[in-house]
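Engineer: Encoded as structure tokens, here's the structure I'll be asking about.
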Amino acid sequence: MWTLFRPSMLLLLTLGFFSQASAQQPDKIAQLQPVRQTPIRIVATVNFLTDLVQQVGGSRVRVEGLMGAGVDPHLYKASAGDVRKLQQAHLIFYSGLYLEGKMMELLERLPKAIAVTDAIPRERLIQPPGGFEGQYTYDPHVWFDVTLWKLTVGRVRDALSKVDPAGASSYQANAEAYSKRLDQLDAFIRQQIARVPPGQRVMITAHDAFEYFGRRYGLEVRGLQGVSTVAEAGTRDVQQLADFIIQRRIRAIFVESSVPRRAIDAVIAAVRAKGWNVAVGGELFSDAAGNPGTPEGTYVGMMEHNIRTIVGGLLGGTP
Ligand SMILES: [Zn+2]
């Protein structure tokens with residue numbers, strides 16, 4: 001790794017541009033200037049991050065989210081209206097790790113745009129040995145491990161305190177309260193998983209978002225990709241997956257709308273032909289929380305919904 005360092009990067013290092021938390025980017029928080037006016041105008045990208053910023057900011061901030069329920073952050077492009085909002089904001093929060101792929105260049109260039117995942121030590125990130133396609137170095141879906149997402153709370157608190165020093169004690173208190181809530185959420189997820197017999201803690205899903213979830217909470221995550229991308233639902237893949245489902249006594253598959261339904265149907269039919277029954281589990285929230293004003297519209301509510309749905313599906317109840 002060190003051999004990849006170029007002289008210009010070494011220069012930045014000696015100038016102290018690199019924070020302890022982020023070994024890769026200059027720390028923008030140190031460069032933020034106080035605003036001396038409330039409410040602080042903030043823009044956040046994904047809606048579960050908008051929620052986090054609101055929790056920490058409380059009444060001293062006005063947070064506007066760019067991406068609502070059901071929006072795919074990997075594909076989201078900033079509209080002209082978004083660019084205006086970003087320009088007018090005092091402070092911007094985004095998740096980072098190329099989650100907001102199409103906005104990344106813009107966000108990285110803006111001095112007031114803070115990537116909250118810079119708070120996570122790189123050694124705790126998932127980096128597949130073969131690497132990812134495209135621009136990803138790390139798996140960006142860190143919020144599925146509550147202990148990782150909790151690390152971003154401090155980064156939001158620090159940035160807010162820098163632009164609004166008068167609110168620092170309020171941000172500190174809010175951050176502590178929200179971190180406690182996240183500890184409870186983490187414990188709740190572990191309790192729920194414990195209800196599933198160890199051999200059946202398997203999540204079959206088409207989305208690549210659940211690797212951190214599986215690692216933290218002891219679920220084997222198995223993809224449907226091999227099945228869903230093959231035309232005519234490749235019979236060998238289908239049979240292999242059907243055998244696996246029966247062997248492990250798995251009762252539910254978790255899908256999203258992007259997966260061709262006929263691939264799922266082929267797997268379910270193959271399983272039934274062999275005398276076992278598997279169902280499609282309920283809908284999971286992956287890269288966006290639900291609608292505002294609903295319990296699933298918050299990060300905590302979205303995660304609680306997911307774990308109830310997963311455990312309900314794996315135990316064979318109605319999700
Ligand atoms: Zn994703």
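In the structure tokens, chains take letters A, B, ... by order of appearance, with residues numbered from 1 within each chain and ligands from 1 in the order shown.
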So that I can see what lies close to Leu284 of chain A, please list as a PyMOL selection string the residues with an atom at most 8 Å from it, counting only C-alpha atoms and leaving out residues fewer than 6 positions away in the same chain.
Structural biologist: chain A and resi 254-256+305-306+309
Engineer: What residues of the protein or nucleic acid chains come within 9 Å of ligand 1 when you use only C-alpha atoms and all ligand atoms? Reply as a list in words.
Structural biologist: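 Checked against 9 Å with only C-alpha atoms and all ligand atoms; the hits are Asp72, Pro73, His74, Leu99, Asp139, Pro140, His141, His207, Asp208, Ala209, Phe210, Ser286 and Asp287 of chain A.
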Engineer: Got a sec to tell me which of segment 5-228 of chain A DSSP assigns to alpha helix (DSSP H), as a tab-separated table (two decimals) with N, CA and C atoms, in the first residue's frame?
Structural biologist:
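The file below, selection13.tsv, is the result:
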chain	number	residue	atom	x	y	z
A	7	PRO	N	4.69	11.25	-4.45
A	7	PRO	CA	5.28	12.37	-3.71
A	7	PRO	C	4.25	13.44	-3.33
A	8	SER	N	3.31	13.73	-4.23
A	8	SER	CA	2.33	14.78	-3.93
A	8	SER	C	1.48	14.40	-2.72
A	9	MET	N	1.20	13.09	-2.59
A	9	MET	CA	0.40	12.64	-1.46
A	9	MET	C	1.21	12.74	-0.18
A	10	LEU	N	2.50	12.43	-0.29
A	10	LEU	CA	3.36	12.54	0.88
A	10	LEU	C	3.43	13.99	1.36
A	11	LEU	N	3.44	14.90	0.39
A	11	LEU	CA	3.47	16.31	0.74
A	11	LEU	C	2.21	16.70	1.52
A	12	LEU	N	1.06	16.25	1.02
A	12	LEU	CA	-0.20	16.53	1.71
A	12	LEU	C	-0.17	15.96	3.12
A	13	LEU	N	0.39	14.76	3.22
A	13	LEU	CA	0.47	14.11	4.53
A	13	LEU	C	1.27	14.98	5.51
A	14	THR	N	2.43	15.46	5.05
A	14	THR	CA	3.28	16.23	5.95
A	14	THR	C	2.63	17.56	6.28
A	47	ASN	N	-31.99	9.27	2.33
A	47	ASN	CA	-32.94	9.70	3.36
A	47	ASN	C	-32.63	9.19	4.76
A	48	PHE	N	-31.93	8.05	4.89
A	48	PHE	CA	-31.59	7.62	6.26
A	48	PHE	C	-30.46	8.46	6.84
A	49	LEU	N	-29.68	9.11	5.96
A	49	LEU	CA	-28.67	10.06	6.43
A	49	LEU	C	-29.33	11.39	6.80
A	50	THR	N	-30.31	11.81	6.02
A	50	THR	CA	-31.09	13.01	6.34
A	50	THR	C	-31.66	12.86	7.75
A	51	ASP	N	-32.18	11.66	8.04
A	51	ASP	CA	-32.73	11.36	9.36
A	51	ASP	C	-31.65	11.50	10.44
A	52	LEU	N	-30.48	10.93	10.21
A	52	LEU	CA	-29.39	11.00	11.20
A	52	LEU	C	-29.01	12.46	11.48
A	53	VAL	N	-28.87	13.25	10.41
A	53	VAL	CA	-28.46	14.64	10.57
A	53	VAL	C	-29.52	15.41	11.37
A	54	GLN	N	-30.79	15.11	11.10
A	54	GLN	CA	-31.88	15.76	11.84
A	54	GLN	C	-31.83	15.38	13.32
A	55	GLN	N	-31.54	14.10	13.60
A	55	GLN	CA	-31.45	13.63	14.99
A	55	GLN	C	-30.36	14.37	15.75
A	56	VAL	N	-29.22	14.57	15.10
A	56	VAL	CA	-28.08	15.21	15.79
A	56	VAL	C	-28.26	16.73	15.79
A	57	GLY	N	-28.81	17.27	14.71
A	57	GLY	CA	-28.93	18.72	14.57
A	57	GLY	C	-30.06	19.31	15.41
A	80	ALA	N	-30.80	20.26	-11.78
A	80	ALA	CA	-30.39	21.67	-11.69
A	80	ALA	C	-30.85	22.24	-10.35
A	81	GLY	N	-32.05	21.82	-9.91
A	81	GLY	CA	-32.57	22.28	-8.62
A	81	GLY	C	-31.71	21.80	-7.46
A	82	ASP	N	-31.23	20.55	-7.57
A	82	ASP	CA	-30.35	20.01	-6.53
A	82	ASP	C	-29.06	20.82	-6.43
A	83	VAL	N	-28.50	21.14	-7.59
A	83	VAL	CA	-27.24	21.88	-7.61
A	83	VAL	C	-27.42	23.24	-6.92
A	84	ARG	N	-28.59	23.87	-7.17
A	84	ARG	CA	-28.88	25.14	-6.51
A	84	ARG	C	-28.96	24.94	-4.99
A	85	LYS	N	-29.64	23.88	-4.56
A	85	LYS	CA	-29.74	23.59	-3.12
A	85	LYS	C	-28.36	23.37	-2.50
A	86	LEU	N	-27.52	22.63	-3.23
A	86	LEU	CA	-26.18	22.35	-2.73
A	86	LEU	C	-25.37	23.64	-2.60
A	87	GLN	N	-25.55	24.54	-3.56
A	87	GLN	CA	-24.81	25.81	-3.52
A	87	GLN	C	-25.27	26.66	-2.34
A	88	GLN	N	-26.57	26.65	-2.08
A	88	GLN	CA	-27.12	27.52	-1.04
A	88	GLN	C	-26.93	26.97	0.38
A	104	MET	N	-20.55	11.97	-7.06
A	104	MET	CA	-19.32	11.91	-6.26
A	104	MET	C	-18.33	13.01	-6.61
A	105	GLU	N	-18.15	13.21	-7.90
A	105	GLU	CA	-17.17	14.20	-8.33
A	105	GLU	C	-17.54	15.59	-7.79
A	106	LEU	N	-18.83	15.91	-7.96
A	106	LEU	CA	-19.35	17.19	-7.50
A	106	LEU	C	-19.17	17.33	-5.98
A	107	LEU	N	-19.55	16.29	-5.24
A	107	LEU	CA	-19.50	16.35	-3.78
A	107	LEU	C	-18.07	16.44	-3.27
A	108	GLU	N	-17.19	15.68	-3.89
A	108	GLU	CA	-15.80	15.71	-3.42
A	108	GLU	C	-15.16	17.07	-3.64
A	109	ARG	N	-15.61	17.76	-4.66
A	109	ARG	CA	-15.05	19.08	-4.98
A	109	ARG	C	-15.54	20.16	-4.03
A	146	VAL	N	-24.98	-1.78	12.21
A	146	VAL	CA	-25.34	-0.61	13.03
A	146	VAL	C	-24.11	-0.04	13.74
A	147	THR	N	-23.16	-0.91	14.11
A	147	THR	CA	-21.98	-0.40	14.82
A	147	THR	C	-21.10	0.45	13.91
A	148	LEU	N	-21.13	0.18	12.61
A	148	LEU	CA	-20.38	1.03	11.66
A	148	LEU	C	-21.11	2.35	11.44
A	149	TRP	N	-22.42	2.27	11.25
A	149	TRP	CA	-23.20	3.49	10.99
A	149	TRP	C	-23.13	4.43	12.19
A	150	LYS	N	-23.05	3.86	13.38
A	150	LYS	CA	-22.96	4.66	14.61
A	150	LYS	C	-21.70	5.54	14.60
A	151	LEU	N	-20.66	5.07	13.95
A	151	LEU	CA	-19.42	5.85	13.90
A	151	LEU	C	-19.61	7.17	13.14
A	152	THR	N	-20.60	7.21	12.26
A	152	THR	CA	-20.81	8.42	11.47
A	152	THR	C	-21.47	9.54	12.29
A	153	VAL	N	-22.09	9.17	13.41
A	153	VAL	CA	-22.79	10.15	14.25
A	153	VAL	C	-21.80	11.22	14.74
A	154	GLY	N	-20.62	10.78	15.15
A	154	GLY	CA	-19.61	11.70	15.67
A	154	GLY	C	-19.11	12.67	14.59
A	155	ARG	N	-19.09	12.19	13.37
A	155	ARG	CA	-18.62	13.05	12.28
A	155	ARG	C	-19.65	14.15	11.98
A	156	VAL	N	-20.92	13.79	12.05
A	156	VAL	CA	-21.98	14.78	11.85
A	156	VAL	C	-21.93	15.80	13.00
A	157	ARG	N	-21.79	15.31	14.23
A	157	ARG	CA	-21.69	16.20	15.40
A	157	ARG	C	-20.52	17.19	15.25
A	158	ASP	N	-19.37	16.67	14.83
A	158	ASP	CA	-18.17	17.51	14.72
A	158	ASP	C	-18.34	18.59	13.65
A	159	ALA	N	-18.91	18.21	12.52
A	159	ALA	CA	-19.10	19.18	11.43
A	159	ALA	C	-20.09	20.26	11.86
A	160	LEU	N	-21.19	19.84	12.49
A	160	LEU	CA	-22.19	20.80	12.95
A	160	LEU	C	-21.59	21.76	13.98
A	161	SER	N	-20.78	21.21	14.88
A	161	SER	CA	-20.19	22.04	15.93
A	161	SER	C	-19.19	23.04	15.35
A	162	LYS	N	-18.58	22.67	14.25
A	162	LYS	CA	-17.61	23.58	13.60
A	162	LYS	C	-18.34	24.76	12.93
A	163	VAL	N	-19.46	24.51	12.27
A	163	VAL	CA	-20.16	25.62	11.61
A	163	VAL	C	-21.06	26.37	12.59
A	168	ALA	N	-22.71	23.53	20.03
A	168	ALA	CA	-21.88	22.33	20.24
A	168	ALA	C	-22.41	21.42	21.36
A	169	SER	N	-22.82	22.02	22.49
A	169	SER	CA	-23.25	21.16	23.61
A	169	SER	C	-24.56	20.46	23.26
A	170	SER	N	-25.41	21.15	22.51
A	170	SER	CA	-26.67	20.54	22.08
A	170	SER	C	-26.40	19.38	21.11
A	171	TYR	N	-25.48	19.58	20.17
A	171	TYR	CA	-25.15	18.51	19.22
A	171	TYR	C	-24.53	17.31	19.95
A	172	GLN	N	-23.71	17.63	20.95
A	172	GLN	CA	-23.08	16.55	21.73
A	172	GLN	C	-24.15	15.72	22.45
A	173	ALA	N	-25.11	16.39	23.08
A	173	ALA	CA	-26.17	15.69	23.81
A	173	ALA	C	-27.03	14.85	22.85
A	174	ASN	N	-27.38	15.44	21.71
A	174	ASN	CA	-28.19	14.71	20.73
A	174	ASN	C	-27.45	13.49	20.18
A	175	ALA	N	-26.16	13.68	19.92
A	175	ALA	CA	-25.35	12.58	19.38
A	175	ALA	C	-25.28	11.43	20.38
A	176	GLU	N	-25.12	11.78	21.65
A	176	GLU	CA	-25.07	10.74	22.69
A	176	GLU	C	-26.39	9.97	22.76
A	177	ALA	N	-27.49	10.72	22.74
A	177	ALA	CA	-28.80	10.08	22.83
A	177	ALA	C	-29.04	9.17	21.62
A	178	TYR	N	-28.69	9.66	20.45
A	178	TYR	CA	-28.93	8.86	19.23
A	178	TYR	C	-28.01	7.63	19.21
A	179	SER	N	-26.78	7.79	19.67
A	179	SER	CA	-25.86	6.64	19.72
A	179	SER	C	-26.41	5.55	20.64
A	180	LYS	N	-27.02	5.97	21.75
A	180	LYS	CA	-27.64	4.99	22.66
A	180	LYS	C	-28.78	4.26	21.96
A	181	ARG	N	-29.55	5.02	21.19
A	181	ARG	CA	-30.67	4.41	20.44
A	181	ARG	C	-30.12	3.36	19.46
A	182	LEU	N	-28.98	3.67	18.84
A	182	LEU	CA	-28.38	2.74	17.89
A	182	LEU	C	-27.82	1.51	18.59
A	183	ASP	N	-27.31	1.68	19.81
A	183	ASP	CA	-26.88	0.51	20.59
A	183	ASP	C	-28.06	-0.43	20.85
A	184	GLN	N	-29.20	0.18	21.18
A	184	GLN	CA	-30.41	-0.64	21.42
A	184	GLN	C	-30.84	-1.36	20.14
A	185	LEU	N	-30.74	-0.65	19.02
A	185	LEU	CA	-31.11	-1.25	17.74
A	185	LEU	C	-30.21	-2.45	17.42
A	186	ASP	N	-28.92	-2.28	17.64
A	186	ASP	CA	-27.96	-3.35	17.38
A	186	ASP	C	-28.29	-4.58	18.25
A	187	ALA	N	-28.59	-4.32	19.52
A	187	ALA	CA	-28.94	-5.42	20.44
A	187	ALA	C	-30.24	-6.09	20.00
A	188	PHE	N	-31.21	-5.29	19.56
A	188	PHE	CA	-32.49	-5.83	19.11
A	188	PHE	C	-32.30	-6.76	17.91
A	189	ILE	N	-31.47	-6.35	16.95
A	189	ILE	CA	-31.23	-7.18	15.77
A	189	ILE	C	-30.58	-8.50	16.17
A	190	ARG	N	-29.61	-8.43	17.09
A	190	ARG	CA	-28.95	-9.67	17.52
A	190	ARG	C	-29.91	-10.60	18.24
A	191	GLN	N	-30.80	-10.02	19.06
A	191	GLN	CA	-31.82	-10.85	19.74
A	191	GLN	C	-32.74	-11.54	18.75
A	192	GLN	N	-33.12	-10.78	17.73
A	192	GLN	CA	-34.05	-11.34	16.74
A	192	GLN	C	-33.40	-12.48	15.95
A	193	ILE	N	-32.15	-12.27	15.54
A	193	ILE	CA	-31.44	-13.31	14.79
A	193	ILE	C	-31.31	-14.58	15.63
A	211	GLU	N	-24.01	-7.57	2.67
A	211	GLU	CA	-22.78	-8.21	3.15
A	211	GLU	C	-22.40	-7.76	4.57
A	212	TYR	N	-22.51	-6.46	4.83
A	212	TYR	CA	-22.19	-5.97	6.18
A	212	TYR	C	-23.18	-6.52	7.20
A	213	PHE	N	-24.42	-6.61	6.80
A	213	PHE	CA	-25.47	-7.14	7.66
A	213	PHE	C	-25.14	-8.59	8.03
A	214	GLY	N	-24.81	-9.38	7.03
A	214	GLY	CA	-24.46	-10.78	7.25
A	214	GLY	C	-23.25	-10.93	8.15
A	215	ARG	N	-22.23	-10.09	7.92
A	215	ARG	CA	-21.00	-10.20	8.71
A	215	ARG	C	-21.25	-9.84	10.17
A	216	ARG	N	-21.98	-8.76	10.40
A	216	ARG	CA	-22.21	-8.31	11.78
A	216	ARG	C	-23.14	-9.27	12.54
A	217	TYR	N	-24.20	-9.74	11.88
A	217	TYR	CA	-25.25	-10.44	12.62
A	217	TYR	C	-25.27	-11.96	12.39
A	225	GLN	N	-27.79	-13.84	-8.02
A	225	GLN	CA	-27.27	-13.31	-9.28
A	225	GLN	C	-27.07	-14.38	-10.35
A	226	GLY	N	-26.41	-15.46	-9.97
A	226	GLY	CA	-26.16	-16.51	-10.93
A	226	GLY	C	-27.43	-16.99	-11.60
A	227	VAL	N	-28.50	-16.91	-10.85
A	227	VAL	CA	-29.79	-17.35	-11.37
A	227	VAL	C	-30.46	-16.25	-12.20
A	228	SER	N	-30.46	-15.06	-11.65
A	228	SER	CA	-31.27	-14.01	-12.26
A	228	SER	C	-30.67	-13.43	-13.54
Engineer: Name the closest residue to Pro197 of chain A among the candidates A:Leu224, A:Ala288, A:Val280, A:Leu314; distances are taken between atoms, counting only C-alpha atoms.
Structural biologist: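 Answer, going by the shortest atom-to-atom distance: A:Leu314.
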Engineer: Please list as a PyMOL selection string every residue within 10 Å of Gln240 of chain A, counting only C-alpha atoms and excluding residues in the same chain fewer than 5 positions away.
Structural biologist: chain A and resi 227+235+245+267+270
Engineer: For atom CA of Val311 of chain A and atom CA of Ala206 of chain A, determine how far apart the two atoms are, in Å to one decimal place.
Structural biologist: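 Separation between atom CA of Val311 of chain A and atom CA of Ala206 of chain A: 17.5 Å.
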Engineer: One decimal, in Å: what's the spacing between atom CA of Ser95 of chain A and atom CA of Val116 of chain A?
Structural biologist: 5.3 Å
Engineer: Taking the backbone alone, and naming residues the way the document does, which bits of segment 178-277 of chain A are strand (DSSP E) by DSSP, as a PyMOL selection string?
Structural biologist: chain A and resi 202-205+220-223+252-254
Engineer: Export N, CA and C atoms of the chosen residues as an mmCIF file, in the first residue's frame?
Structural biologist:
data_model
loop_
_atom_site.group_PDB
_atom_site.id
_atom_site.type_symbol
_atom_site.label_atom_id
_atom_site.label_comp_id
_atom_site.auth_asym_id
_atom_site.auth_seq_id
_atom_site.Cartn_x
_atom_site.Cartn_y
_atom_site.Cartn_z
ATOM 1 N N VAL A 202 -29.598 -18.004 6.944
ATOM 2 C CA VAL A 202 -29.133 -17.792 5.577
ATOM 3 C C VAL A 202 -30.088 -16.822 4.901
ATOM 4 N N MET A 203 -29.504 -15.849 4.243
ATOM 5 C CA MET A 203 -30.341 -14.886 3.538
ATOM 6 C C MET A 203 -30.051 -14.995 2.052
ATOM 7 N N ILE A 204 -31.051 -15.425 1.314
ATOM 8 C CA ILE A 204 -30.899 -15.509 -0.135
ATOM 9 C C ILE A 204 -31.524 -14.261 -0.729
ATOM 10 N N THR A 205 -30.723 -13.506 -1.421
ATOM 11 C CA THR A 205 -31.185 -12.213 -1.911
ATOM 12 C C THR A 205 -30.487 -11.857 -3.210
ATOM 13 N N GLU A 220 -25.475 -15.947 6.770
ATOM 14 C CA GLU A 220 -24.817 -16.263 5.508
ATOM 15 C C GLU A 220 -25.635 -15.583 4.400
ATOM 16 N N VAL A 221 -24.975 -14.789 3.580
ATOM 17 C CA VAL A 221 -25.697 -14.099 2.507
ATOM 18 C C VAL A 221 -25.361 -14.773 1.190
ATOM 19 N N ARG A 222 -26.387 -15.207 0.514
ATOM 20 C CA ARG A 222 -26.165 -15.942 -0.727
ATOM 21 C C ARG A 222 -26.928 -15.247 -1.863
ATOM 22 N N GLY A 223 -26.233 -14.976 -2.949
ATOM 23 C CA GLY A 223 -26.831 -14.201 -4.037
ATOM 24 C C GLY A 223 -27.682 -15.022 -4.976
ATOM 25 N N ALA A 252 -37.556 -18.790 3.171
ATOM 26 C CA ALA A 252 -37.868 -17.546 2.457
ATOM 27 C C ALA A 252 -36.680 -17.023 1.656
ATOM 28 N N ILE A 253 -37.003 -16.452 0.523
ATOM 29 C CA ILE A 253 -36.042 -15.763 -0.334
ATOM 30 C C ILE A 253 -36.421 -14.284 -0.290
ATOM 31 N N PHE A 254 -35.433 -13.398 -0.261
ATOM 32 C CA PHE A 254 -35.746 -11.968 -0.184
ATOM 33 C C PHE A 254 -35.367 -11.292 -1.488
#
